[in-house]
Each structure stands twice: as structure tokens, then as C-alpha cells.
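Report on the following structure.
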Amino acid sequence: RLAKLGHRCMGIDYSPASIAYARRSASDEGLACTYVEQDLRKADFGVDEYDLAMLLYGEFNIFRPAHIRHILEKANRALMEGGQLLLEPHTFDAVRTIGKGARTWYSAASGLFGETPHLLLTEKYWNPSDRTATVRHYRLEGEKCAVTPYAQSFQAYSDEGYREVLLACDFTDIQIWPVLGDVEEVAGDLLAITATKG
């Protein structure tokens, strides 16, 4: 959407499929977008190059505190003086709810966890001492039920916790809002946070 308004955009993602899709879409529409397939923790963001840096869809919460601080410090360096940061992290309650979710299972001919028939078992945990939710997936496939484990973790932050990490990374003018859904209804799971390069 920003590129359609005439902005030059750069996107970074760890997923080859996501990057391939983004590149195709930008090429098809003739948009000024560059996409880099890399881990945010290792990617070079540049220095004093951008007016705006964004981390959306709750991705903030999948990183450990030390890693997200490193990412935010790189984002600060990449922004021009007075540049804006836009985050869309999960609320504390949303992360806790993820961790307290029920165990589930399903069978599929193909899907996110593979292109062949499989059974997927999922269990979730909430650790209140370090404020993390962990989701473990077990993919069972074939007559011998070969098991492939996957896991993802989410770090929960209070509003004050978000402010603290942003201040520590030299951001100022931090504003936090709920993300709105349909007609003034609060979506509830995500926040919108803006901050300015200090």
C-alpha cells in the first residue's frame, strides 16, 4: 500500500515463500519494493536511510528480549533523524491466552506443516515467571508415524514493558493504542505503538 502511494519500500522476512510471493506481487504491479530473505536478527537495515520502520502482525513477540532489543537498535540506526517506528505487537493478555489454549489435533492431506498427508498434535503452555507462551506442534506422518516436532514462543509485555524497551533503544514520544476492528470495536489482541527516533 505504501509503494502504491509512491514510497520506496524494503521488506525483510525469513520465509522463502513469503519473499517469493512479495517479489512476484511487486513485479506484477510495478512497485518500488526490494525484498530480502533473511533473519531480522542478522539482516543489515542500513544507516539513516528510512523515514519509517515497521514490525507488524505480532512478530515483535516472537523474539527473545535480547533479540528484540538488538532489532530495535538496528531499526533506530536505519531511521533518519525524526524517523518513525510503527509496531503492532500482541497485548499481554493475548500472549497469555495463547499459552493457556487447549490441546488440539487435526489431520490434513497437506498444509502449513507439509505437502503430504499428516496428523498434527498441538499443545500450549504459559510460564508466568518469564511471561512466555510456548506452542508445540508434533507432525505425525506415514505408517510408522514419524514425528517431526516444531515449537514457537511468544514473549508477553505490559504497556510499560513496551515503553521501557523502546526508551532503552533511544526511541522517544512513545504512543500506545488498541488496534480497532469493525466500527469502533476493539480487536483486543494487538496494539499499535508509534515512537520517534530520539
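By convention here, the chains of the C-alpha cells are called A, B, ... in the order presented, each chain's residues are numbered starting at 1, and ligands are numbered starting at 1 in the order presented.
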Distance table requested - region 42-106 of chain A against region 128-142 of chain A, cut-off 12 Å, only C-alpha atoms: one row per qualifying residue with the closest atom pair and its distance in Å to one decimal, ordered by chain and rising residue number, as a tab-separated table.
residue	atom	partner	partner_atom	distance
A:Asn61	CA	A:Thr132	CA	9.2
A:Ile62	CA	A:Thr132	CA	9.6
A:Phe63	CA	A:Thr132	CA	10.6
A:Arg64	CA	A:Thr132	CA	9.5
A:Pro65	CA	A:Asp130	CA	10.6
A:His90	CA	A:Ala133	CA	11.8
A:Thr91	CA	A:Arg131	CA	11.9
A:Phe92	CA	A:Arg131	CA	8.6
A:Asp93	CA	A:Arg131	CA	10.4
A:Ala94	CA	A:Ala133	CA	9.8
A:Val95	CA	A:Ala133	CA	6.2
A:Arg96	CA	A:Ala133	CA	6.3
A:Thr97	CA	A:Ala133	CA	8.3
A:Ile98	CA	A:Ala133	CA	6.3
A:Gly99	CA	A:Ala133	CA	4.2
A:Lys100	CA	A:Ala133	CA	7.8
A:Gly101	CA	A:Val135	CA	9.0
A:Ala102	CA	A:Val135	CA	10.4
A:Arg103	CA	A:Val135	CA	9.7
A:Thr104	CA	A:His137	CA	9.5
A:Trp105	CA	A:His137	CA	9.2
A:Tyr106	CA	A:Arg139	CA	9.9
Save the residues we just selected, C-alpha atoms, as a compact mmCIF listing (two decimals), in the first residue's frame?
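What follows is the written file result.txt:
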# COMPACT_ATOMS: atom_id res chain seq x y z
CA ASN A 61 6.60 -11.02 20.48
CA ILE A 62 8.28 -14.00 18.81
CA PHE A 63 11.76 -12.71 19.67
CA ARG A 64 13.56 -13.06 22.98
CA PRO A 65 14.01 -9.75 24.85
CA HIS A 90 0.33 -8.55 20.97
CA THR A 91 -1.23 -7.39 24.22
CA PHE A 92 -0.06 -9.10 27.40
CA ASP A 93 -3.44 -10.84 27.72
CA ALA A 94 -3.30 -12.11 24.12
CA VAL A 95 0.06 -13.83 24.71
CA ARG A 96 -1.16 -15.33 27.99
CA THR A 97 -4.29 -16.61 26.20
CA ILE A 98 -2.11 -18.26 23.54
CA GLY A 99 -0.21 -20.11 26.28
CA LYS A 100 -3.35 -21.22 28.08
CA GLY A 101 -5.02 -22.60 24.96
CA ALA A 102 -6.37 -26.13 24.74
CA ARG A 103 -4.59 -29.10 23.24
CA THR A 104 -5.79 -29.75 19.69
CA TRP A 105 -5.23 -32.08 16.78
CA TYR A 106 -6.25 -32.40 13.15
Open item on the list: Quick one: residues within 8 Å of Met10 (chain A), only C-alpha atoms, excluding same-chain residues fewer than 6 positions away - as a ChimeraX atom specification?
Closed with: /A:33-36
Just-selected residues, all heavy atoms written as a short mmCIF file (atom, residue, chain, number, x, y, z; two decimals), in the first residue's frame:
data_model
loop_
_atom_site.label_atom_id
_atom_site.label_comp_id
_atom_site.auth_asym_id
_atom_site.auth_seq_id
_atom_site.Cartn_x
_atom_site.Cartn_y
_atom_site.Cartn_z
N CYS A 33 9.69 -1.82 -4.66
CA CYS A 33 9.90 -2.59 -3.44
C CYS A 33 11.10 -3.52 -3.61
O CYS A 33 11.28 -4.13 -4.66
CB CYS A 33 8.69 -3.46 -3.11
SG CYS A 33 7.18 -2.55 -2.79
N THR A 34 11.90 -3.62 -2.57
CA THR A 34 13.00 -4.57 -2.51
C THR A 34 12.70 -5.52 -1.36
O THR A 34 12.31 -5.07 -0.27
CB THR A 34 14.34 -3.84 -2.23
OG1 THR A 34 14.54 -2.87 -3.24
CG2 THR A 34 15.49 -4.81 -2.19
N TYR A 35 12.87 -6.82 -1.59
CA TYR A 35 12.60 -7.80 -0.53
C TYR A 35 13.84 -8.63 -0.28
O TYR A 35 14.51 -9.09 -1.21
CB TYR A 35 11.42 -8.69 -0.91
CG TYR A 35 10.13 -7.93 -0.96
CD1 TYR A 35 9.56 -7.54 -2.17
CD2 TYR A 35 9.49 -7.55 0.21
CE1 TYR A 35 8.38 -6.83 -2.21
CE2 TYR A 35 8.31 -6.83 0.18
CZ TYR A 35 7.76 -6.47 -1.04
OH TYR A 35 6.60 -5.75 -1.06
N VAL A 36 14.16 -8.82 1.01
CA VAL A 36 15.35 -9.54 1.43
C VAL A 36 14.92 -10.75 2.25
O VAL A 36 14.18 -10.62 3.23
CB VAL A 36 16.26 -8.63 2.28
CG1 VAL A 36 17.48 -9.38 2.78
CG2 VAL A 36 16.65 -7.39 1.50
#
Open item on the list: as a PyMOL selection string, please: every residue in region 34-194 of chain A that DSSP puts in strand (DSSP E).
Closed with: chain A and resi 34-37+50-55+79-87+104-108+118-127+132-141+146-155+171-180+186-194
TODO: Find, counting only C-alpha atoms, the residue in A:His118, A:Arg163, A:Arg1, A:Lys124 that gets nearest to Cys145 (chain A).
DONE: A:His118
Skip Glu160 (chain A) itself and residues of its chain fewer than 3 positions away, then list as a compact mmCIF listing (two decimals) with C-alpha atoms, in the first residue's frame all residues within 12 Å of it, counting only C-alpha atoms.
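Output below, filename result12.txt:
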# COMPACT_ATOMS: atom_id res chain seq x y z
CA THR A 91 -1.23 -7.39 24.22
CA PHE A 92 -0.06 -9.10 27.40
CA ALA A 156 4.47 -11.02 26.74
CA TYR A 157 4.96 -7.34 27.64
CA ARG A 163 7.80 1.65 26.75
CA GLU A 164 10.88 0.51 28.70
CA VAL A 165 12.41 -1.44 25.81
CA LEU A 166 11.76 1.40 23.35
CA LEU A 167 13.28 4.00 25.67
CA ILE A 174 6.04 6.62 22.56
CA GLN A 175 2.29 6.30 21.99
CA ILE A 176 0.25 3.12 22.53
CA ILE A 193 2.72 1.58 19.06
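Closest approach to Ile12 (chain A) among A:Tyr162, A:Trp177, A:Phe45, A:Tyr150 is made by A:Phe45 (distances from only C-alpha atoms).
Distance-wise, CA of Thr122 (chain A) and CA of Phe154 (chain A) end up 15.4 Å apart.
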Task: Distance query Tyr50 (chain A) at most 8 Å, only C-alpha atoms, self and fewer than 3 positions along chain excluded, as a ChimeraX atom specification - done: /A:53,78-80,83
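Residues with any atom within 7 Å of Arg41 (chain A), counting only C-alpha atoms and excluding same-chain neighbours fewer than 2 positions away, are Asp39, Ala43, His67 and Ile71 of chain A.
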Restricted to N, CA, C and O atoms, what would the selected residues look like written as a compact mmCIF listing (two decimals), in the first residue's frame?
# COMPACT_ATOMS: atom_id res chain seq x y z
N ASP A 39 16.95 -13.44 8.28
CA ASP A 39 16.54 -13.34 9.67
C ASP A 39 16.72 -11.89 10.12
O ASP A 39 17.80 -11.31 9.93
N ALA A 43 19.99 -9.40 9.60
CA ALA A 43 19.90 -8.54 8.41
C ALA A 43 20.51 -7.17 8.66
O ALA A 43 20.46 -6.63 9.77
N HIS A 67 17.02 -10.25 21.76
CA HIS A 67 16.96 -10.19 20.30
C HIS A 67 16.11 -9.00 19.83
O HIS A 67 16.48 -8.32 18.87
N ILE A 71 17.17 -5.83 17.43
CA ILE A 71 16.40 -5.45 16.24
C ILE A 71 15.98 -3.98 16.32
O ILE A 71 16.09 -3.23 15.34
Counting only C-alpha atoms, which residues of region 8-40 of chain A fall within 12 Å of region 54-59 of chain A, and what is the closest atom pair for each with its distance in Å at one decimal, ordered by chain and rising number, as a tab-separated table?
residue	atom	partner	partner_atom	distance
A:Cys9	CA	A:Met54	CA	10.8
A:Met10	CA	A:Met54	CA	10.4
A:Gly11	CA	A:Met54	CA	9.3
A:Ile12	CA	A:Leu55	CA	9.9
A:Asp13	CA	A:Glu59	CA	10.6
A:Tyr14	CA	A:Glu59	CA	11.6
A:Leu40	CA	A:Leu55	CA	10.2
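Closest to Asp51 (chain A) among A:Ser153, A:Thr196, A:Gln38, A:Ser27 is A:Thr196, based on only C-alpha atoms.
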Open item on the list: With DSSP run on the backbone, what are the helix (DSSP H, G or I) residues within region 83-154 of chain A? I'd like them as a PyMOL selection string.
Closed with: chain A and resi 92-99
How would the residues just picked look written out with N, CA, C and O atoms as an mmCIF file, in the first residue's frame?
data_model
loop_
_atom_site.group_PDB
_atom_site.id
_atom_site.type_symbol
_atom_site.label_atom_id
_atom_site.label_comp_id
_atom_site.auth_asym_id
_atom_site.auth_seq_id
_atom_site.Cartn_x
_atom_site.Cartn_y
_atom_site.Cartn_z
ATOM 1 N N PHE A 92 -0.479 -8.119 26.400
ATOM 2 C CA PHE A 92 -0.061 -9.102 27.404
ATOM 3 C C PHE A 92 -1.091 -10.217 27.499
ATOM 4 O O PHE A 92 -0.756 -11.399 27.499
ATOM 5 N N ASP A 93 -2.374 -9.838 27.577
ATOM 6 C CA ASP A 93 -3.439 -10.835 27.715
ATOM 7 C C ASP A 93 -3.518 -11.771 26.516
ATOM 8 O O ASP A 93 -3.814 -12.959 26.673
ATOM 9 N N ALA A 94 -3.243 -11.264 25.316
ATOM 10 C CA ALA A 94 -3.299 -12.112 24.122
ATOM 11 C C ALA A 94 -2.223 -13.191 24.178
ATOM 12 O O ALA A 94 -2.483 -14.355 23.847
ATOM 13 N N VAL A 95 -1.012 -12.833 24.616
ATOM 14 C CA VAL A 95 0.063 -13.829 24.714
ATOM 15 C C VAL A 95 -0.276 -14.854 25.792
ATOM 16 O O VAL A 95 -0.099 -16.061 25.598
ATOM 17 N N ARG A 96 -0.780 -14.393 26.930
ATOM 18 C CA ARG A 96 -1.162 -15.326 27.993
ATOM 19 C C ARG A 96 -2.251 -16.279 27.507
ATOM 20 O O ARG A 96 -2.214 -17.481 27.775
ATOM 21 N N THR A 97 -3.211 -15.770 26.741
ATOM 22 C CA THR A 97 -4.288 -16.612 26.200
ATOM 23 C C THR A 97 -3.734 -17.667 25.250
ATOM 24 O O THR A 97 -4.186 -18.816 25.249
ATOM 25 N N ILE A 98 -2.749 -17.282 24.434
ATOM 26 C CA ILE A 98 -2.111 -18.263 23.542
ATOM 27 C C ILE A 98 -1.554 -19.415 24.369
ATOM 28 O O ILE A 98 -1.760 -20.587 24.051
ATOM 29 N N GLY A 99 -0.841 -19.088 25.450
ATOM 30 C CA GLY A 99 -0.210 -20.109 26.277
ATOM 31 C C GLY A 99 -1.173 -20.966 27.065
ATOM 32 O O GLY A 99 -0.841 -22.088 27.448
#
- [ ] Rank nothing, just name the residue among A:Lys4, A:Leu120, A:Val179, A:Leu52 nearest to Leu31 (chain A), using only C-alpha atoms.
- [x]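 Smallest distance to Leu31 (chain A) is found for A:Lys4.
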